[in-house]
Amino acid sequence: MFLVMGITGKVGGATAEHLLAQGQKVRALVRNREKASSWADRGVELVDGDWNDAAAIEQALKGAEGAFVMLPSVWAPSPDYKEARGMIANYVAALTNAAPPRVVALSSMGANRTSGLGMITALSLLEQGFRDLTSPVAFVRAGGFFENFLYGLHVAQGGTLPVYYNPTDRKSTMVATKDIGAEVATLLTRPAWTGRRIIELGSMVSADQVAGQLGEVLKLDVKAFAIPRARWAEAFEQFGIPKGHTGPAEEMFEAVNAGWMDLGAEGTEHVAGTTSPREVFEAAQNAQNAART
């Protein structure tokens, strides 16, 4: 039995899919049973609670062979990242008491640094908070998600994909959530390890390449367009981040553009992604078409 946090999200869901495909038993901690009902129908054991409840996490860990844990994305965190700090403290308390045979935690490229990371700061704090756990821990430092470009299926109809990557031909680490789930499932089920492991997950891809593959799916000539730095705040606000709270998102992309999240941090392993942006776009487009019929 493996505990999967965030099962109703993309990465947790991908992890559960891969585990179930292997014939493994899966347990999930959920706040909303109705939202997770499709997983229950597939045999996933649901435990009520969330990542703000250390006792619920500990209960969900009982008897588990391993656990996948993650933090939710918070695009407008508090200045001191108190949301992440509280969740990390709950995880540490539960994982210390339950001490599962292995833990896999979703992290990010760049989490080896402690400043200048914007939103990635939460995952740097996660790695720091987990360093004294007695359980073997593997941190999966994933690249930027290809799924974050899915807005392009709607906005790129005019032939332009606006991005924060600048220059657009510079490659940075990116990955599909499907590949993250596959790697997490592999770490949970393959031979055990001791101590701490850090896996850099993804491949070097440019925004130009992503735009080109999006164009192949849309059957259009799509070019990436770097949003001018002076317009970042306004652009993030249009995506729903409150005015005056776009700083962490801006700082994160500054770190990406500076090369701080590229492959090759000391003491890491590397696993390349196998799913292309094109496949991610095609799957999303097919799902949209199916929903309309």
# chains A, B, ... in the order shown; residues from 1 in each chain; ligands from 1

$ residues_around --residues "A:Gly13" --least-positions-apart "4" --cutoff "12 Å" --atoms "only C-alpha atoms" --output "PyMOL selection string"
chain A and resi 3-9+17-20+26-28+36+38-39+44+68+177-182+184-185

$ write_last_selection --atoms "C-alpha atoms" --output "mmCIF file, in the first residue's frame"
data_model
loop_
_atom_site.group_PDB
_atom_site.id
_atom_site.type_symbol
_atom_site.label_atom_id
_atom_site.label_comp_id
_atom_site.auth_asym_id
_atom_site.auth_seq_id
_atom_site.Cartn_x
_atom_site.Cartn_y
_atom_site.Cartn_z
ATOM 1 C CA LEU A 3 0.132 6.776 0.202
ATOM 2 C CA VAL A 4 -0.273 9.394 -2.512
ATOM 3 C CA MET A 5 -0.826 13.021 -1.569
ATOM 4 C CA GLY A 6 -2.525 15.363 -4.032
ATOM 5 C CA ILE A 7 -4.282 12.572 -5.927
ATOM 6 C CA THR A 8 -6.878 14.925 -7.429
ATOM 7 C CA GLY A 9 -4.098 17.034 -8.983
ATOM 8 C CA GLU A 17 -2.158 6.001 -12.368
ATOM 9 C CA HIS A 18 1.292 4.458 -12.636
ATOM 10 C CA LEU A 19 1.002 2.639 -9.308
ATOM 11 C CA LEU A 20 -2.409 1.195 -10.188
ATOM 12 C CA VAL A 26 -3.021 3.040 -3.309
ATOM 13 C CA ARG A 27 -4.276 5.147 -0.433
ATOM 14 C CA ALA A 28 -5.000 8.886 -0.664
ATOM 15 C CA ALA A 36 -11.962 11.893 -5.451
ATOM 16 C CA SER A 38 -13.501 8.310 -9.416
ATOM 17 C CA TRP A 39 -10.375 7.113 -7.615
ATOM 18 C CA VAL A 44 -8.090 3.637 -4.091
ATOM 19 C CA PHE A 68 4.574 10.380 -2.051
ATOM 20 C CA THR A 177 3.580 15.494 -15.228
ATOM 21 C CA LYS A 178 3.071 12.007 -16.672
ATOM 22 C CA ASP A 179 6.837 11.476 -16.463
ATOM 23 C CA ILE A 180 6.941 12.761 -12.896
ATOM 24 C CA GLY A 181 4.299 10.219 -11.900
ATOM 25 C CA ALA A 182 6.253 7.455 -13.613
ATOM 26 C CA VAL A 184 7.750 8.633 -8.417
ATOM 27 C CA ALA A 185 6.073 5.244 -8.890
#

$ residues_around --residues "stretch 90-93 of chain A" --least-positions-apart "5" --cutoff "8 Å" --atoms "only C-alpha atoms" --output "ChimeraX atom specification"
/A:51-54,57,129-130,133

$ select_by_dssp --residues "stretch 62-195 of chain A" --states "strand (DSSP E)" --output "MDAnalysis selection string"
chainID A and resid 66:69 103:108 137:142 144:145 160:163 171:175

$ write_last_selection --atoms "C-alpha atoms" --output "PDB file, in the first residue's frame"
ATOM      1  CA  GLY A  66       6.034   4.240   1.040  1.00  0.00           C
ATOM      2  CA  ALA A  67       4.629   7.724   0.625  1.00  0.00           C
ATOM      3  CA  PHE A  68       4.574  10.380  -2.051  1.00  0.00           C
ATOM      4  CA  VAL A  69       4.278  13.862  -0.571  1.00  0.00           C
ATOM      5  CA  VAL A 103       9.419   8.806   1.176  1.00  0.00           C
ATOM      6  CA  VAL A 104       9.384  10.466  -2.241  1.00  0.00           C
ATOM      7  CA  ALA A 105       8.879  14.234  -2.211  1.00  0.00           C
ATOM      8  CA  LEU A 106       8.117  16.456  -5.188  1.00  0.00           C
ATOM      9  CA  SER A 107      10.644  19.278  -5.353  1.00  0.00           C
ATOM     10  CA  SER A 108      11.899  21.516  -8.154  1.00  0.00           C
ATOM     11  CA  VAL A 137      13.945  10.219   1.234  1.00  0.00           C
ATOM     12  CA  ALA A 138      14.132  10.887  -2.502  1.00  0.00           C
ATOM     13  CA  PHE A 139      13.559  14.444  -3.714  1.00  0.00           C
ATOM     14  CA  VAL A 140      12.340  14.637  -7.301  1.00  0.00           C
ATOM     15  CA  ARG A 141      13.490  18.014  -8.596  1.00  0.00           C
ATOM     16  CA  ALA A 142      11.217  18.402 -11.586  1.00  0.00           C
ATOM     17  CA  GLY A 144       8.856  23.305 -15.458  1.00  0.00           C
ATOM     18  CA  PHE A 145       5.671  21.457 -16.404  1.00  0.00           C
ATOM     19  CA  THR A 160       1.696  33.558 -30.988  1.00  0.00           C
ATOM     20  CA  LEU A 161       2.455  31.843 -27.671  1.00  0.00           C
ATOM     21  CA  PRO A 162       3.250  34.453 -24.976  1.00  0.00           C
ATOM     22  CA  VAL A 163       5.848  33.172 -22.484  1.00  0.00           C
ATOM     23  CA  LYS A 171      16.735  25.847 -23.260  1.00  0.00           C
ATOM     24  CA  SER A 172      15.712  25.156 -19.663  1.00  0.00           C
ATOM     25  CA  THR A 173      14.590  22.042 -17.824  1.00  0.00           C
ATOM     26  CA  MET A 174      11.012  21.001 -18.576  1.00  0.00           C
ATOM     27  CA  VAL A 175       8.980  17.836 -18.077  1.00  0.00           C
TER      28      VAL A 175
END

$ atom_distance --atom1 "atom CA of A:Val210" --atom2 "atom CA of A:Leu150"
10.5 Å

$ closest_residue --among "A:Lys10, A:Arg190, A:Arg197, A:Arg278" --to "A:Lys219" --atoms "only C-alpha atoms"
A:Arg278

$ atom_distance --atom1 "atom CA of A:Ala89" --atom2 "atom CA of A:Leu126"
9.2 Å

$ closest_residue --among "A:Leu218, A:Leu71, A:Ala265, A:Ala56" --to "A:Ile199" --atoms "only C-alpha atoms"
A:Ala265

$ select_by_dssp --residues "stretch 172-270 of chain A" --states "helix (DSSP H, G or I)" --output "VMD selection string"
chain A and resid 177 to 189 207 to 218 229 to 238 247 to 257

$ residues_around --residues "stretch 76-79 of chain A" --least-positions-apart "6" --cutoff "9 Å" --atoms "only C-alpha atoms" --output "PyMOL selection string"
chain A and resi 119+122+241-242+245-249

$ closest_residue --among "A:Arg292, A:Arg31, A:His270, A:Arg113" --to "A:Leu201" --atoms "only C-alpha atoms"
A:His270

$ closest_residue --among "A:Pro100, A:Ala291, A:Gln157, A:Val256" --to "A:Lys62" --atoms "only C-alpha atoms"
A:Pro100

$ residues_around --residues "A:Thr114" --least-positions-apart "6" --cutoff "10 Å" --atoms "only C-alpha atoms" --output "list in words"
Ile120, Thr121, Ala122, Leu123, Ser124, Leu125 and Gln128 of chain A

$ residues_around --residues "A:Val205" --least-positions-apart "2" --cutoff "12 Å" --atoms "only C-alpha atoms" --output "ChimeraX atom specification"
/A:143-146,165,168-176,202-203,207-213,262-263,272-273,275-277

$ write_last_selection --atoms "N, CA and C atoms" --output "mmCIF file, in the first residue's frame"
data_model
loop_
_atom_site.group_PDB
_atom_site.id
_atom_site.type_symbol
_atom_site.label_atom_id
_atom_site.label_comp_id
_atom_site.auth_asym_id
_atom_site.auth_seq_id
_atom_site.Cartn_x
_atom_site.Cartn_y
_atom_site.Cartn_z
ATOM 1 N N GLY A 143 11.509 19.712 -13.577
ATOM 2 C CA GLY A 143 11.596 20.936 -14.352
ATOM 3 C C GLY A 143 10.224 21.577 -14.472
ATOM 4 N N GLY A 144 10.136 22.660 -15.230
ATOM 5 C CA GLY A 144 8.856 23.305 -15.458
ATOM 6 C C GLY A 144 7.907 22.369 -16.191
ATOM 7 N N PHE A 145 6.642 22.386 -15.826
ATOM 8 C CA PHE A 145 5.671 21.457 -16.404
ATOM 9 C C PHE A 145 5.250 21.892 -17.806
ATOM 10 N N PHE A 146 5.234 20.962 -18.744
ATOM 11 C CA PHE A 146 4.678 21.256 -20.061
ATOM 12 C C PHE A 146 3.201 21.650 -19.940
ATOM 13 N N TYR A 165 9.704 33.071 -20.703
ATOM 14 C CA TYR A 165 11.068 32.628 -20.988
ATOM 15 C C TYR A 165 11.712 33.610 -21.964
ATOM 16 N N THR A 168 13.643 33.254 -26.035
ATOM 17 C CA THR A 168 12.787 32.101 -26.262
ATOM 18 C C THR A 168 13.530 30.895 -26.824
ATOM 19 N N ASP A 169 14.746 31.101 -27.328
ATOM 20 C CA ASP A 169 15.496 29.966 -27.860
ATOM 21 C C ASP A 169 16.435 29.357 -26.824
ATOM 22 N N ARG A 170 16.461 29.923 -25.621
ATOM 23 C CA ARG A 170 17.295 29.370 -24.554
ATOM 24 C C ARG A 170 16.600 28.157 -23.936
ATOM 25 N N LYS A 171 17.323 27.055 -23.820
ATOM 26 C CA LYS A 171 16.735 25.847 -23.260
ATOM 27 C C LYS A 171 16.798 25.848 -21.732
ATOM 28 N N SER A 172 15.736 25.358 -21.107
ATOM 29 C CA SER A 172 15.712 25.156 -19.663
ATOM 30 C C SER A 172 15.034 23.824 -19.386
ATOM 31 N N THR A 173 15.095 23.373 -18.157
ATOM 32 C CA THR A 173 14.590 22.042 -17.824
ATOM 33 C C THR A 173 13.070 22.027 -17.773
ATOM 34 N N MET A 174 12.463 21.149 -18.548
ATOM 35 C CA MET A 174 11.012 21.001 -18.576
ATOM 36 C C MET A 174 10.656 19.526 -18.579
ATOM 37 N N VAL A 175 9.395 19.225 -18.184
ATOM 38 C CA VAL A 175 8.980 17.836 -18.077
ATOM 39 C C VAL A 175 7.455 17.757 -18.090
ATOM 40 N N ALA A 176 6.926 16.612 -18.470
ATOM 41 C CA ALA A 176 5.489 16.360 -18.409
ATOM 42 C C ALA A 176 5.141 15.731 -17.070
ATOM 43 N N GLY A 202 13.745 15.715 -16.083
ATOM 44 C CA GLY A 202 13.343 16.537 -17.209
ATOM 45 C C GLY A 202 14.416 16.598 -18.273
ATOM 46 N N SER A 203 14.137 17.355 -19.319
ATOM 47 C CA SER A 203 15.071 17.537 -20.427
ATOM 48 C C SER A 203 15.157 19.011 -20.767
ATOM 49 N N ALA A 207 11.383 27.467 -25.200
ATOM 50 C CA ALA A 207 10.018 27.927 -25.474
ATOM 51 C C ALA A 207 9.723 27.871 -26.967
ATOM 52 N N ASP A 208 10.735 28.121 -27.780
ATOM 53 C CA ASP A 208 10.536 28.025 -29.227
ATOM 54 C C ASP A 208 10.134 26.608 -29.627
ATOM 55 N N GLN A 209 10.771 25.608 -29.016
ATOM 56 C CA GLN A 209 10.439 24.228 -29.328
ATOM 57 C C GLN A 209 9.016 23.879 -28.879
ATOM 58 N N VAL A 210 8.641 24.370 -27.694
ATOM 59 C CA VAL A 210 7.288 24.133 -27.196
ATOM 60 C C VAL A 210 6.268 24.755 -28.151
ATOM 61 N N ALA A 211 6.521 25.995 -28.564
ATOM 62 C CA ALA A 211 5.601 26.681 -29.479
ATOM 63 C C ALA A 211 5.486 25.941 -30.804
ATOM 64 N N GLY A 212 6.610 25.443 -31.291
ATOM 65 C CA GLY A 212 6.592 24.715 -32.554
ATOM 66 C C GLY A 212 5.735 23.459 -32.476
ATOM 67 N N GLN A 213 5.852 22.728 -31.372
ATOM 68 C CA GLN A 213 5.069 21.502 -31.223
ATOM 69 C C GLN A 213 3.598 21.810 -30.965
ATOM 70 N N ASP A 262 18.826 24.982 -14.265
ATOM 71 C CA ASP A 262 19.294 24.049 -15.276
ATOM 72 C C ASP A 262 19.808 22.773 -14.625
ATOM 73 N N LEU A 263 20.000 21.744 -15.445
ATOM 74 C CA LEU A 263 20.490 20.463 -14.957
ATOM 75 C C LEU A 263 21.930 20.561 -14.473
ATOM 76 N N ALA A 272 15.907 11.673 -17.670
ATOM 77 C CA ALA A 272 15.352 12.470 -18.766
ATOM 78 C C ALA A 272 13.859 12.207 -18.918
ATOM 79 N N GLY A 273 13.135 13.224 -19.357
ATOM 80 C CA GLY A 273 11.729 13.036 -19.657
ATOM 81 C C GLY A 273 11.565 12.270 -20.969
ATOM 82 N N THR A 275 8.121 12.126 -22.395
ATOM 83 C CA THR A 275 6.895 12.645 -22.985
ATOM 84 C C THR A 275 7.160 14.027 -23.561
ATOM 85 N N SER A 276 6.801 14.247 -24.815
ATOM 86 C CA SER A 276 7.066 15.516 -25.490
ATOM 87 C C SER A 276 5.951 16.517 -25.227
ATOM 88 N N PRO A 277 6.223 17.804 -25.436
ATOM 89 C CA PRO A 277 5.155 18.800 -25.354
ATOM 90 C C PRO A 277 4.005 18.464 -26.301
#

$ residues_around --residues "A:Gly244" --least-positions-apart "6" --cutoff "10 Å" --atoms "only C-alpha atoms" --output "PyMOL selection string"
chain A and resi 76+233-234+237

$ write_last_selection --atoms "C-alpha atoms" --output "JSON list (two decimals), in the first residue's frame"
[["chain", "number", "residue", "atom", "x", "y", "z"],
["A", 76, "ALA", "CA", 0.66, 34.30, -4.08],
["A", 233, "ALA", "CA", 3.03, 41.80, -13.24],
["A", 234, "GLU", "CA", 0.08, 42.74, -15.43],
["A", 237, "GLU", "CA", -2.68, 39.45, -12.71]]

$ closest_residue --among "A:Glu279, A:Glu34, A:Gly240, A:Met261" --to "A:Gly116" --atoms "only C-alpha atoms"
A:Met261

$ atom_distance --atom1 "atom CA of A:Gly12" --atom2 "atom CA of A:Glu266"
27.3 Å
